[in-house]
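Trainee: my_file12.txt (compact mmCIF, C-alpha atoms) pasted underneath:
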```txt
# COMPACT_ATOMS: atom_id res chain seq x y z
CA MET A 6 -181.14 56.02 -85.07
CA LEU A 7 -182.16 58.84 -87.39
CA PHE A 8 -183.55 62.10 -86.08
CA HIS A 9 -185.48 64.74 -87.98
CA ASP A 10 -184.36 68.36 -87.83
CA PRO A 11 -187.40 70.45 -87.00
CA LEU A 12 -188.76 71.93 -90.21
CA PRO A 13 -191.47 74.58 -90.37
CA THR A 14 -194.93 73.65 -91.58
CA LEU A 15 -195.17 75.07 -95.09
CA ASP A 16 -198.53 75.19 -96.84
CA ASN A 17 -198.79 72.69 -99.70
CA ALA A 18 -195.38 71.19 -98.98
CA GLU A 19 -194.17 67.89 -97.53
CA LEU A 20 -190.50 67.98 -96.50
CA ASP A 21 -188.39 65.61 -94.42
CA TYR A 22 -184.76 66.32 -93.56
CA PHE A 23 -182.39 63.70 -92.16
CA PRO A 24 -179.19 65.57 -91.18
CA ASP A 25 -177.20 62.41 -90.37
CA TRP A 26 -178.72 59.96 -92.79
CA LEU A 27 -175.36 58.30 -93.47
CA ASP A 28 -172.43 57.55 -91.22
CA ARG A 29 -169.50 59.84 -91.98
CA ASP A 30 -167.07 57.13 -93.12
CA THR A 31 -169.53 55.86 -95.73
CA ALA A 32 -170.36 59.39 -96.84
CA ASP A 33 -166.66 60.23 -97.24
CA THR A 34 -166.07 57.05 -99.25
CA TRP A 35 -169.04 57.68 -101.54
CA PHE A 36 -167.99 61.28 -102.09
CA GLU A 37 -164.46 60.39 -103.19
CA ALA A 38 -165.60 57.49 -105.39
CA LEU A 39 -168.36 59.45 -107.14
CA LEU A 40 -166.12 62.43 -107.70
CA ALA A 41 -163.51 60.23 -109.39
CA GLN A 42 -165.76 57.82 -111.31
CA THR A 43 -168.45 60.10 -112.75
CA PRO A 44 -168.08 61.31 -116.37
CA TRP A 45 -168.98 64.89 -115.53
CA GLN A 46 -170.42 67.19 -118.18
CA GLN A 47 -171.13 70.91 -118.35
CA PRO A 48 -173.83 71.27 -121.02
CA GLU A 49 -174.74 74.54 -122.68
CA LEU A 50 -178.24 75.93 -122.17
CA PHE A 51 -180.02 78.34 -124.53
CA ILE A 52 -181.51 81.08 -122.33
CA HIS A 53 -182.82 84.46 -123.50
CA GLY A 54 -181.29 84.06 -126.92
CA ARG A 55 -177.79 83.13 -125.73
CA TYR A 56 -175.91 79.98 -124.85
CA HIS A 57 -174.68 79.65 -121.28
CA ARG A 58 -172.64 76.92 -119.63
CA THR A 59 -174.47 75.18 -116.78
CA PRO A 60 -173.01 76.69 -113.56
CA ARG A 61 -172.10 73.25 -112.18
CA LEU A 62 -171.12 69.81 -113.54
CA THR A 63 -173.77 67.15 -114.04
CA ALA A 64 -174.44 63.51 -114.91
CA TRP A 65 -177.75 61.67 -115.46
CA TYR A 66 -178.14 57.96 -114.64
CA GLY A 67 -181.16 55.69 -114.79
CA GLU A 68 -182.99 52.70 -116.12
CA PRO A 69 -182.96 52.25 -119.91
CA GLY A 70 -185.46 54.64 -121.39
CA ALA A 71 -185.57 56.94 -118.33
CA ARG A 72 -185.11 60.02 -120.46
CA TYR A 73 -185.67 63.35 -118.77
CA ARG A 74 -186.07 66.87 -120.10
CA TYR A 75 -184.85 69.71 -117.91
CA SER A 76 -183.29 73.10 -118.64
CA GLY A 77 -184.47 72.72 -122.22
CA ARG A 78 -182.41 69.59 -122.95
CA LEU A 79 -183.32 65.93 -123.30
CA HIS A 80 -181.02 63.75 -121.22
CA GLU A 81 -180.37 60.09 -122.01
CA PRO A 82 -179.47 58.05 -118.93
CA LEU A 83 -176.13 56.43 -118.30
CA SER A 84 -176.31 52.87 -116.94
CA TRP A 85 -176.30 52.39 -113.18
CA THR A 86 -172.88 51.77 -111.64
CA PRO A 87 -172.65 49.28 -108.76
CA LEU A 88 -172.15 52.16 -106.31
CA LEU A 89 -175.12 54.18 -107.58
CA ALA A 90 -177.29 51.05 -107.53
CA GLU A 91 -176.32 50.52 -103.88
CA ILE A 92 -177.11 54.14 -102.99
CA ARG A 93 -180.43 53.95 -104.84
CA GLN A 94 -181.42 50.83 -102.90
CA ARG A 95 -180.74 52.56 -99.58
CA VAL A 96 -182.69 55.65 -100.60
CA GLU A 97 -185.62 53.54 -101.85
CA HIS A 98 -185.72 51.78 -98.48
CA GLN A 99 -185.88 55.16 -96.75
CA VAL A 100 -188.63 56.69 -98.90
CA GLY A 101 -190.67 53.54 -99.48
CA GLN A 102 -191.03 53.71 -103.24
CA PRO A 103 -189.04 52.72 -106.34
CA LEU A 104 -186.71 55.27 -107.94
CA ASN A 105 -185.43 54.76 -111.46
CA ALA A 106 -183.15 57.74 -112.14
CA VAL A 107 -180.74 60.14 -110.47
CA LEU A 108 -179.24 63.50 -111.39
CA LEU A 109 -175.75 64.12 -110.01
CA ASN A 110 -174.66 67.73 -109.53
CA TYR A 111 -171.08 68.70 -108.70
CA TYR A 112 -170.69 72.14 -107.13
CA ARG A 113 -166.98 72.84 -107.34
CA ASP A 114 -167.06 76.04 -105.26
CA GLY A 115 -169.40 78.83 -104.19
CA GLN A 116 -169.74 80.13 -107.76
CA ASP A 117 -171.40 76.90 -108.90
CA SER A 118 -175.14 77.08 -108.38
CA MET A 119 -178.64 75.91 -109.24
CA GLY A 120 -181.19 78.58 -110.13
CA TRP A 121 -184.79 78.82 -109.04
CA HIS A 122 -186.88 75.90 -110.34
CA ASN A 123 -189.35 73.22 -109.38
CA ASP A 124 -189.20 69.58 -110.43
CA ALA A 125 -192.67 69.40 -111.97
CA GLU A 126 -191.91 68.00 -115.42
CA PRO A 127 -194.76 65.89 -116.89
CA GLU A 128 -192.66 62.72 -116.97
CA LEU A 129 -192.48 62.78 -113.15
CA GLY A 130 -196.27 62.47 -112.84
CA ARG A 131 -198.49 64.06 -110.22
CA ASP A 132 -196.97 64.89 -106.81
CA PRO A 133 -193.45 63.58 -107.52
CA LEU A 134 -191.04 62.49 -104.82
CA ILE A 135 -187.51 63.93 -104.98
CA ALA A 136 -184.88 62.49 -102.63
CA SER A 137 -181.77 64.66 -102.42
CA LEU A 138 -178.56 63.25 -100.93
CA SER A 139 -175.80 65.76 -100.10
CA LEU A 140 -172.12 64.81 -99.87
CA GLY A 141 -169.18 67.13 -99.23
CA GLY A 142 -169.39 70.83 -98.45
CA CYS A 143 -172.47 72.45 -96.93
CA ARG A 144 -174.66 74.69 -99.09
CA ARG A 145 -177.77 76.75 -98.39
CA PHE A 146 -181.03 75.50 -99.91
CA ASP A 147 -183.74 78.16 -100.38
CA LEU A 148 -187.48 77.76 -100.86
CA ARG A 149 -189.99 80.28 -102.18
CA ARG A 150 -193.62 80.01 -103.26
CA VAL A 151 -194.32 79.77 -106.99
CA GLY A 152 -195.02 83.31 -108.19
CA SER A 153 -193.16 84.96 -105.31
CA THR A 154 -189.71 86.53 -105.22
CA ARG A 155 -189.29 86.27 -101.44
CA ILE A 156 -187.30 83.45 -99.87
CA GLU A 157 -189.66 81.85 -97.37
CA TYR A 158 -187.30 79.33 -95.80
CA SER A 159 -183.63 78.31 -96.00
CA LEU A 160 -181.97 75.11 -94.88
CA THR A 161 -178.27 74.21 -94.74
CA LEU A 162 -177.78 70.88 -96.51
CA ALA A 163 -174.94 69.12 -94.71
CA HIS A 164 -172.58 66.30 -95.62
CA ALA A 165 -174.30 62.89 -95.33
CA SER A 166 -177.81 64.43 -95.17
CA LEU A 167 -180.97 63.46 -97.05
CA LEU A 168 -183.78 65.86 -97.96
CA VAL A 169 -187.06 64.34 -99.20
CA MET A 170 -189.67 66.44 -100.98
CA ARG A 171 -193.01 64.83 -101.83
CA GLY A 172 -196.73 65.45 -102.24
CA PRO A 173 -197.73 68.80 -103.76
CA THR A 174 -194.38 70.49 -102.96
CA GLN A 175 -193.15 70.81 -106.55
CA HIS A 176 -196.40 72.41 -107.73
CA HIS A 177 -196.43 75.17 -105.10
CA TRP A 178 -192.75 75.77 -104.27
CA GLN A 179 -189.49 76.54 -106.06
CA HIS A 180 -186.00 75.89 -104.71
CA GLN A 181 -182.44 77.01 -105.45
CA VAL A 182 -178.81 76.65 -104.41
CA ALA A 183 -177.56 80.22 -104.84
CA LYS A 184 -174.05 81.42 -105.58
CA THR A 185 -172.09 82.57 -102.54
CA ARG A 186 -168.84 84.44 -101.94
CA GLN A 187 -168.22 82.43 -98.80
CA ALA A 188 -165.58 79.73 -98.98
CA CYS A 189 -167.26 76.42 -99.87
CA ALA A 190 -165.81 72.94 -100.03
CA PRO A 191 -166.74 70.92 -103.14
CA ARG A 192 -170.20 69.36 -102.88
CA LEU A 193 -172.01 66.52 -104.62
CA ASN A 194 -175.79 66.33 -104.73
CA LEU A 195 -177.68 63.25 -105.91
CA THR A 196 -181.39 63.82 -106.62
CA PHE A 197 -183.25 60.55 -107.06
CA ARG A 198 -186.65 60.44 -108.74
CA LEU A 199 -189.14 58.17 -110.49
CA ILE A 200 -189.68 58.77 -114.19
CA ARG A 201 -193.30 57.62 -114.58
CA PHE A 202 -193.86 58.67 -118.19
CA PRO A 203 -190.59 58.33 -120.14
CA LEU A 204 -190.22 60.53 -123.21
```
Could the structure of this file be written out as structure tokens, please?
Mentor:
Amino acid sequence: MLFHDPLPTLDNAELDYFPDWLDRDTADTWFEALLAQTPWQQPELFIHGRYHRTPRLTAWYGEPGARYRYSGRLHEPLSWTPLLAEIRQRVEHQVGQPLNAVLLNYYRDGQDSMGWHNDAEPELGRDPLIASLSLGGCRRFDLRRVGSTRIEYSLTLAHASLLVMRGPTQHHWQHQVAKTRQACAPRLNLTFRLIRFPL
């Protein structure tokens, strides 16, 4: 049986956190397989007049035509692997809606990170659902209101956990996985979404 961790009530946000969404043996197997099988990339981003390497490794998978623009780049999807198709099916069953793409992020250590952002791109439509599966090392996930610099809430995303963000969350809140000097085991994060209006 799955239990929810108590989450605070945040205005204009709908969050669900399942800390033990997967059994540990399955989570361990998925982690090792995805780490080995994924053709990881580290694209360059053009920010403030300079090119910077993305501070993590990434891969984008999805249905044909599920193109997605984020961090100033247009990403063409790789074809679903049997494992990713299986994971997608399980996540879809949990959230109760179809999902046609997933972004994989590989955080190799505490210096790999994801800066402040919200997933509100036009191709996701109004009130998008983002389902975030964490495998491997724990990392802190921060939330702040759009237009604010103060962290309002932090959550430790654990191995085998699933975080679901839906409703107006992406329009009113930003999130990040910050760098840390603490020792961190490698972590994989799979963020599933529905591309409603492909580019």
Trainee: How many Å separate CA of Trp35 in chain A from CA of Ile135 in chain A?
Mentor: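 So the two atoms, CA of Trp35 in chain A and CA of Ile135 in chain A, lie 19.8 Å apart.
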Trainee: Which residues, written as a ChimeraX atom specification, have at least one atom at most 8 Å from range 142-153 of chain A, with only C-alpha atoms counted and residues fewer than 2 positions away on the same chain left out?
Mentor: /A:140,155-164,176-183,189-193
Trainee: Report as CSV: every residue of range 105-150 of chain A with an atom at most 6 Å from range 60-67 of chain A, its closest pair of atoms, and their distance in Å to one decimal, counting all atoms listed in the file, with rows sorted by chain and ascending residue number.
Mentor:
```
residue,atom,partner,partner_atom,distance
A:Asn105,CA,A:Gly67,CA,5.5
A:Ala106,CA,A:Gly67,CA,3.9
A:Val107,CA,A:Tyr66,CA,5.4
A:Leu108,CA,A:Trp65,CA,4.7
A:Leu109,CA,A:Ala64,CA,5.1
A:Asn110,CA,A:Thr63,CA,4.6
A:Tyr111,CA,A:Leu62,CA,5.0
A:Tyr112,CA,A:Arg61,CA,5.4
A:Asp117,CA,A:Pro60,CA,4.9
A:Ser118,CA,A:Pro60,CA,5.6
```
Trainee: In Å, rounded to a single decimal, give me how far CA of Leu138 in chain A is from CA of Val169 in chain A.
Mentor: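 Separation between CA of Val169 in chain A and CA of Leu138 in chain A: 8.7 Å.
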Trainee: Using only C-alpha atoms, which of A:Leu39, A:Leu50, A:Leu195, A:Met170 sits nearest Pro87 in chain A?
Mentor: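 Counting only C-alpha atoms, the residue closest to Pro87 in chain A is A:Leu39.
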Trainee: Which residue, A:Leu129, A:Leu88, A:Val96, A:Leu83, has the smallest gap to Leu40 in chain A when you use only C-alpha atoms?
Mentor: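 Of A:Leu129, A:Leu88, A:Val96, A:Leu83, the one nearest Leu40 in chain A is A:Leu88, counting only C-alpha atoms.
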Trainee: Provide the CA of Asp33 in chain A to CA of Gly115 in chain A distance in Å, to one decimal place.
Mentor: 20.0 Å
Trainee: So which one's closest to Asp132 in chain A, A:Thr174, A:Thr86, A:Gln116, A:Thr43? Using all atoms listed in the file, please.
Mentor: A:Thr174
Trainee: Using all atoms listed in the file, can you list as a ChimeraX atom specification the residues within 9 Å of (-196.3, 64.0, -110.1)?
Mentor: /A:125-134,171-173,175-176,201
Trainee: Produce a file of the selected residues containing C-alpha atoms, as an mmCIF file, in the coordinates of the input.
Mentor:
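The result, written out as result.cif:
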```cif
data_model
loop_
_atom_site.group_PDB
_atom_site.id
_atom_site.type_symbol
_atom_site.label_atom_id
_atom_site.label_comp_id
_atom_site.auth_asym_id
_atom_site.auth_seq_id
_atom_site.Cartn_x
_atom_site.Cartn_y
_atom_site.Cartn_z
ATOM 1 C CA ALA A 125 -192.670 69.400 -111.970
ATOM 2 C CA GLU A 126 -191.910 68.000 -115.420
ATOM 3 C CA PRO A 127 -194.760 65.890 -116.890
ATOM 4 C CA GLU A 128 -192.660 62.720 -116.970
ATOM 5 C CA LEU A 129 -192.480 62.780 -113.150
ATOM 6 C CA GLY A 130 -196.270 62.470 -112.840
ATOM 7 C CA ARG A 131 -198.490 64.060 -110.220
ATOM 8 C CA ASP A 132 -196.970 64.890 -106.810
ATOM 9 C CA PRO A 133 -193.450 63.580 -107.520
ATOM 10 C CA LEU A 134 -191.040 62.490 -104.820
ATOM 11 C CA ARG A 171 -193.010 64.830 -101.830
ATOM 12 C CA GLY A 172 -196.730 65.450 -102.240
ATOM 13 C CA PRO A 173 -197.730 68.800 -103.760
ATOM 14 C CA GLN A 175 -193.150 70.810 -106.550
ATOM 15 C CA HIS A 176 -196.400 72.410 -107.730
ATOM 16 C CA ARG A 201 -193.300 57.620 -114.580
#
```
Trainee: Can you sort out the box for range 119-129 of chain A, edges along x, y and z, all listed atoms in, 8 Å on every side, with centre and edge lengths in Å to one decimal, as lines of an AutoDock Vina configuration file?
Mentor:
```
center_x = -186.7
center_y = 70.8
center_z = -113.0
size_x = 32.1
size_y = 32.1
size_z = 23.9
```
